[in-house]
$ cat work.txt   # compact mmCIF, C-alpha atoms
# COMPACT_ATOMS: atom_id res chain seq x y z
CA VAL A 1 -10.32 6.32 11.94
CA GLN A 2 -12.80 5.40 9.23
CA GLY A 3 -13.37 1.64 9.04
CA GLU A 4 -11.02 0.85 11.93
CA GLU A 5 -13.59 -1.15 13.87
CA ALA A 6 -14.50 -4.53 12.46
CA SER A 7 -18.10 -5.28 11.59
CA ARG A 8 -19.97 -8.27 13.02
CA GLU A 9 -18.83 -10.33 10.02
CA GLY A 10 -15.21 -9.65 10.90
CA PHE A 11 -14.63 -7.17 8.06
CA THR A 12 -14.04 -3.45 8.44
CA GLU A 13 -16.29 -0.91 6.79
CA SER A 14 -13.71 -0.27 4.07
CA GLU A 15 -13.16 -3.96 3.41
CA ARG A 16 -16.89 -4.57 3.09
CA ALA A 17 -17.29 -1.66 0.67
CA PHE A 18 -14.42 -2.97 -1.46
CA LEU A 19 -15.66 -6.56 -1.47
CA GLU A 20 -19.26 -5.64 -2.25
CA LYS A 21 -18.06 -3.58 -5.20
CA TYR A 22 -16.13 -6.42 -6.83
CA LEU A 23 -17.71 -9.60 -5.43
CA GLY A 24 -21.27 -8.51 -4.60
CA VAL A 25 -23.23 -8.67 -1.36
CA GLU A 26 -22.51 -12.40 -1.05
CA TYR A 27 -18.80 -11.68 -0.87
CA GLU A 28 -18.18 -14.16 1.93
CA SER A 29 -19.31 -17.04 -0.28
CA ALA A 30 -17.26 -15.65 -3.15
CA LEU A 31 -14.16 -15.48 -0.97
CA GLU A 32 -14.68 -19.10 0.06
CA ALA A 33 -15.11 -20.17 -3.56
CA LYS A 34 -11.90 -18.37 -4.56
CA GLY A 35 -9.91 -20.00 -1.77
CA LEU A 36 -9.51 -16.75 0.13
CA ALA A 37 -11.16 -17.82 3.36
CA ARG A 38 -7.77 -18.86 4.77
CA PRO A 39 -4.68 -16.66 5.06
CA ALA A 40 -2.03 -17.15 2.40
CA ARG A 41 1.36 -18.45 3.45
CA VAL A 42 3.83 -15.63 3.03
CA GLU A 43 7.49 -14.94 3.66
CA ALA A 44 8.10 -11.72 5.56
CA VAL A 45 11.14 -9.65 4.62
CA MET A 46 10.58 -6.86 7.14
CA GLY A 47 8.19 -6.65 10.08
CA GLY A 48 5.20 -8.86 10.82
CA SER A 49 5.61 -12.62 11.27
CA ALA A 50 6.87 -15.16 8.77
CA ALA A 51 3.95 -17.57 9.09
CA GLY A 52 0.79 -17.07 7.08
CA GLY A 53 -1.72 -18.30 9.64
CA GLY A 54 -1.33 -15.85 12.52
CA ALA A 55 -1.60 -12.12 12.96
CA GLY A 56 1.59 -10.14 12.60
CA ALA A 57 2.82 -8.01 15.47
CA ALA A 58 1.90 -4.84 13.62
CA ASP A 59 -1.78 -5.88 13.54
CA ALA A 60 -2.06 -5.24 17.27
CA SER A 61 -1.88 -1.45 16.78
CA PRO A 62 -4.69 0.64 15.27
CA ASP A 63 -4.37 2.11 11.80
CA ARG A 64 -2.50 5.38 11.68
CA ASP A 65 -4.48 8.22 10.07
CA ALA A 66 -2.49 8.32 6.82
CA ALA A 67 -3.98 11.63 5.62
CA ARG A 68 -3.15 13.41 8.86
CA PHE A 69 0.30 11.85 9.05
CA GLU A 70 1.14 12.86 5.48
CA ALA A 71 -0.04 16.42 6.09
CA GLY A 72 2.27 16.62 9.11
CA MET A 73 5.28 15.39 7.14
CA ARG A 74 5.91 18.92 5.84
CA ASP A 75 6.80 20.06 9.35
CA ALA A 76 8.77 16.98 10.38
CA PRO A 77 12.44 17.67 11.17
CA GLU A 78 13.41 14.22 9.93
CA LEU A 79 11.87 11.56 7.70
CA GLN A 80 12.34 7.79 7.82
CA LEU A 81 11.44 6.06 4.56
CA VAL A 82 11.42 2.53 3.16
CA GLY A 83 12.97 2.71 -0.30
CA PHE A 84 12.21 0.42 -3.26
CA SER A 85 12.20 0.31 -7.03
CA VAL A 86 9.27 0.44 -9.50
CA SER A 87 10.07 0.26 -13.22
CA GLY A 88 13.60 1.35 -12.46
CA GLN A 89 12.44 4.45 -10.56
CA ASP A 90 13.37 5.24 -6.95
CA VAL A 91 10.26 5.31 -4.76
CA ALA A 92 9.69 5.33 -0.99
CA VAL A 93 7.00 5.11 1.69
CA PRO A 94 7.17 6.59 5.22
CA ILE A 95 8.18 3.76 7.52
CA GLU A 96 5.37 4.69 9.92
CA LEU A 97 2.80 3.69 7.26
CA VAL A 98 4.41 0.32 6.44
CA GLN A 99 3.06 -2.74 8.25
CA GLU A 100 5.50 -5.19 6.72
CA VAL A 101 7.25 -6.24 3.52
CA ILE A 102 6.67 -9.72 2.09
CA ARG A 103 7.91 -11.63 -0.91
CA GLY A 104 5.62 -11.62 -3.92
CA VAL A 105 2.57 -13.88 -3.93
CA ALA A 106 0.01 -14.84 -6.55
CA ALA A 107 -2.97 -12.47 -6.60
CA THR A 108 -6.54 -13.70 -6.98
CA LYS A 109 -7.98 -11.63 -9.82
CA LEU A 110 -11.23 -9.71 -9.41
CA PRO A 111 -13.97 -9.43 -12.03
CA SER A 112 -14.16 -6.02 -13.71
CA ALA A 113 -11.20 -4.68 -11.73
CA PRO A 114 -9.29 -1.69 -13.17
CA GLY A 115 -5.83 -2.26 -14.59
CA HIS A 116 -4.02 -0.93 -11.54
CA LEU A 117 -5.47 -3.69 -9.32
CA ALA A 118 -3.60 -6.96 -9.72
CA GLY A 119 -6.14 -8.68 -7.47
CA ILE A 120 -6.51 -9.49 -3.78
CA MET A 121 -5.03 -11.83 -1.20
CA ASN A 122 -5.85 -12.92 2.33
CA LEU A 123 -2.93 -11.56 4.34
CA ARG A 124 -3.01 -12.69 7.97
CA GLY A 125 -6.80 -12.77 7.89
CA ARG A 126 -7.28 -9.35 6.27
CA VAL A 127 -8.52 -8.62 2.75
CA THR A 128 -5.58 -7.01 0.95
CA PRO A 129 -5.84 -5.48 -2.54
CA LEU A 130 -2.58 -5.65 -4.52
CA VAL A 131 -1.79 -2.43 -6.38
CA LYS A 132 0.33 -2.02 -9.52
CA LEU A 133 2.24 1.17 -8.74
CA SER A 134 3.82 1.22 -12.19
CA LEU A 135 0.42 1.90 -13.79
CA LEU A 136 -0.79 4.46 -11.28
CA LEU A 137 2.47 6.40 -11.45
CA ASP A 138 2.69 6.05 -15.25
CA LEU A 139 6.13 4.49 -15.00
CA GLY A 140 5.79 2.05 -17.87
CA THR A 141 4.21 -1.28 -18.64
CA ASP A 142 3.92 -4.29 -16.36
CA SER A 143 6.74 -6.77 -15.97
CA PRO A 144 6.99 -9.98 -13.89
CA GLU A 145 9.69 -8.33 -11.80
CA GLN A 146 7.25 -5.75 -10.44
CA GLY A 147 5.68 -8.28 -8.10
CA ARG A 148 8.85 -9.63 -6.50
CA PHE A 149 8.06 -7.84 -3.23
CA VAL A 150 4.91 -6.44 -1.65
CA ILE A 151 4.98 -3.35 0.58
CA VAL A 152 2.02 -3.76 2.95
CA SER A 153 0.57 -0.48 4.21
CA ARG A 154 -2.51 0.33 6.28
CA ALA A 155 -5.05 3.12 5.85
CA GLY A 156 -8.73 3.59 6.62
CA GLY A 157 -9.27 0.11 8.00
CA MET A 158 -7.78 -1.67 4.99
CA ARG A 159 -4.45 -3.20 4.05
CA LEU A 160 -2.89 -2.27 0.71
CA GLY A 161 -0.13 -4.29 -0.96
CA LEU A 162 2.13 -2.27 -3.26
CA LEU A 163 3.84 -4.39 -5.92
CA VAL A 164 7.51 -3.46 -6.37
CA GLU A 165 10.58 -4.84 -8.12
CA SER A 166 13.22 -4.67 -5.44
CA MET A 167 14.01 -3.27 -2.02
CA ALA A 168 16.44 -0.41 -1.61
CA ALA A 169 18.02 1.36 1.34
CA MET A 170 16.18 2.71 4.36
CA HIS A 171 16.35 6.50 4.15
CA ARG A 172 16.73 8.81 7.14
CA ALA A 173 16.82 12.38 5.87
CA PRO A 174 16.20 15.93 7.14
CA GLY A 175 12.76 17.22 6.24
CA ASP A 176 14.22 20.17 4.35
CA ARG A 177 15.52 17.78 1.67
CA VAL A 178 11.96 17.06 0.56
CA GLU A 179 10.35 19.18 -2.13
CA TRP A 180 6.58 19.62 -1.79
CA GLY A 181 4.08 20.82 -4.39
CA ILE A 182 5.61 18.70 -7.14
CA GLU A 183 2.76 18.55 -9.68
CA ALA A 184 4.61 20.63 -12.29
CA GLN A 185 7.72 18.46 -12.07
CA VAL A 186 6.10 15.03 -12.04
CA GLY A 187 2.96 15.44 -14.14
CA VAL A 188 1.02 12.18 -14.50
CA GLY A 189 0.75 10.31 -11.20
CA ALA A 190 1.56 13.35 -9.05
CA GLN A 191 -1.69 12.91 -7.09
CA TYR A 192 -0.27 9.69 -5.63
CA LEU A 193 2.88 11.36 -4.33
CA VAL A 194 3.56 13.40 -1.20
CA GLY A 195 6.84 14.90 -2.36
CA LEU A 196 10.32 14.33 -3.78
CA LEU A 197 13.34 13.52 -1.62
CA LYS A 198 16.70 14.75 -2.86
CA HIS A 199 19.22 12.11 -1.80
CA ASP A 200 22.72 11.37 -3.14
CA GLY A 201 22.02 13.18 -6.41
CA ARG A 202 18.75 11.31 -6.97
CA LEU A 203 15.09 12.25 -6.70
CA ILE A 204 13.08 9.70 -4.75
CA LYS A 205 9.29 9.77 -5.16
CA ILE A 206 7.47 9.56 -1.81
CA ILE A 207 4.17 7.69 -2.14
CA SER A 208 0.91 9.01 -0.66
CA ILE A 209 -0.70 5.99 1.01
CA ASP A 210 -3.89 7.96 1.67
CA SER A 211 -4.26 8.82 -2.04
CA LEU A 212 -3.74 5.18 -3.00
CA PHE A 213 -6.35 4.09 -0.46
CA GLN A 214 -8.89 6.57 -1.84
CA LYS A 215 -8.17 5.41 -5.39
CA VAL A 216 -8.55 1.72 -4.57
CA LEU A 217 -11.76 2.26 -2.62
CA LYS A 218 -13.42 4.53 -5.18
CA SER A 219 -12.10 3.32 -8.57

$ encode --input "work.txt" --output "structure tokens"
Amino acid sequence: VQGEEASREGFTESERAFLEKYLGVEYESALEAKGLARPARVEAVMGGSAAGGGAGAADASPDRDAARFEAGMRDAPELQLVGFSVSGQDVAVPIELVQEVIRGVAATKLPSAPGHLAGIMNLRGRVTPLVKLSLLLDLGTDSPEQGRFVIVSRAGGMRLGLLVESMAAMHRAPGDRVEWGIEAQVGVGAQYLVGLLKHDGRLIKIISIDSLFQKVLKS
């Protein structure tokens, strides 16, 4: 997996590329100056550990290849999803791509960062960009409620924190309830979705973690 192995400085290839882009080649000094050298204290809601100083249990396993996993979802007989709300919309992420869920934390802003990046945090020793899903999915303007929880996912040697309003139910649904090829239905933001789940009369947008990772790394 790209960037899975840590460099001699303790950062993965993807983390170094991200940090150099926004903080320059002296990113380690910049992290120290911004108070990001130590892990933030966080409260876990699902998975991981509740203390901010140690590594969560999920960190012991290598990153799953998000692109390959998402491609295989079309043939899966059953899907397990973590559901949540963004700007009043039902959204979900495959549970296999979720490391943990934590309560919202203050992001350290980055110079010249695009609007969809709220900033970064040090989560259990890993650089973690915090992403405003509402902007990427064109679901409306920001609100303070959109950072109440953070869905932490892993892809390409980097953690991503997705800012959401509230947690919803865990979904376990047959694969044939998912509609693929949804560009015509969704329009703006469709490139960040894998498909739409039809559940209890609602359409739940399934997030593409790989697409978000590519956007964060290249934007």

$ closest_residue --input "work.txt" --among "A:Val98, A:Gly35, A:Pro114, A:Val164" --to "A:Lys218" --atoms "only C-alpha atoms"
A:Pro114

$ residues_around --input "work.txt" --residues "A:Ala92" --least-positions-apart "6" --cutoff "7 Å" --atoms "all atoms listed in the file" --output "PyMOL selection string"
chain A and resi 81-84+204-207

$ residues_around --input "work.txt" --residues "A:Val127" --least-positions-apart "2" --cutoff "12 Å" --atoms "only C-alpha atoms" --output "PyMOL selection string"
chain A and resi 10-19+27-28+31+36-40+107-108+119-125+129-130+152+154+157-161

$ atom_distance --input "work.txt" --atom1 "atom CA of A:Gln89" --atom2 "atom CA of A:Leu197"
12.8 Å

$ atom_distance --input "work.txt" --atom1 "atom CA of A:Ser219" --atom2 "atom CA of A:Leu110"
13.1 Å

$ atom_distance --input "work.txt" --atom1 "atom CA of A:Arg177" --atom2 "atom CA of A:Glu70"
15.7 Å

$ closest_residue --input "work.txt" --among "A:Ile151, A:Leu139, A:Val105, A:Leu97" --to "A:Asp65" --atoms "only C-alpha atoms"
A:Leu97

$ residues_around --input "work.txt" --residues "A:Arg148" --least-positions-apart "4" --cutoff "7 Å" --atoms "all atoms listed in the file" --output "PyMOL selection string"
chain A and resi 103-104+164-166
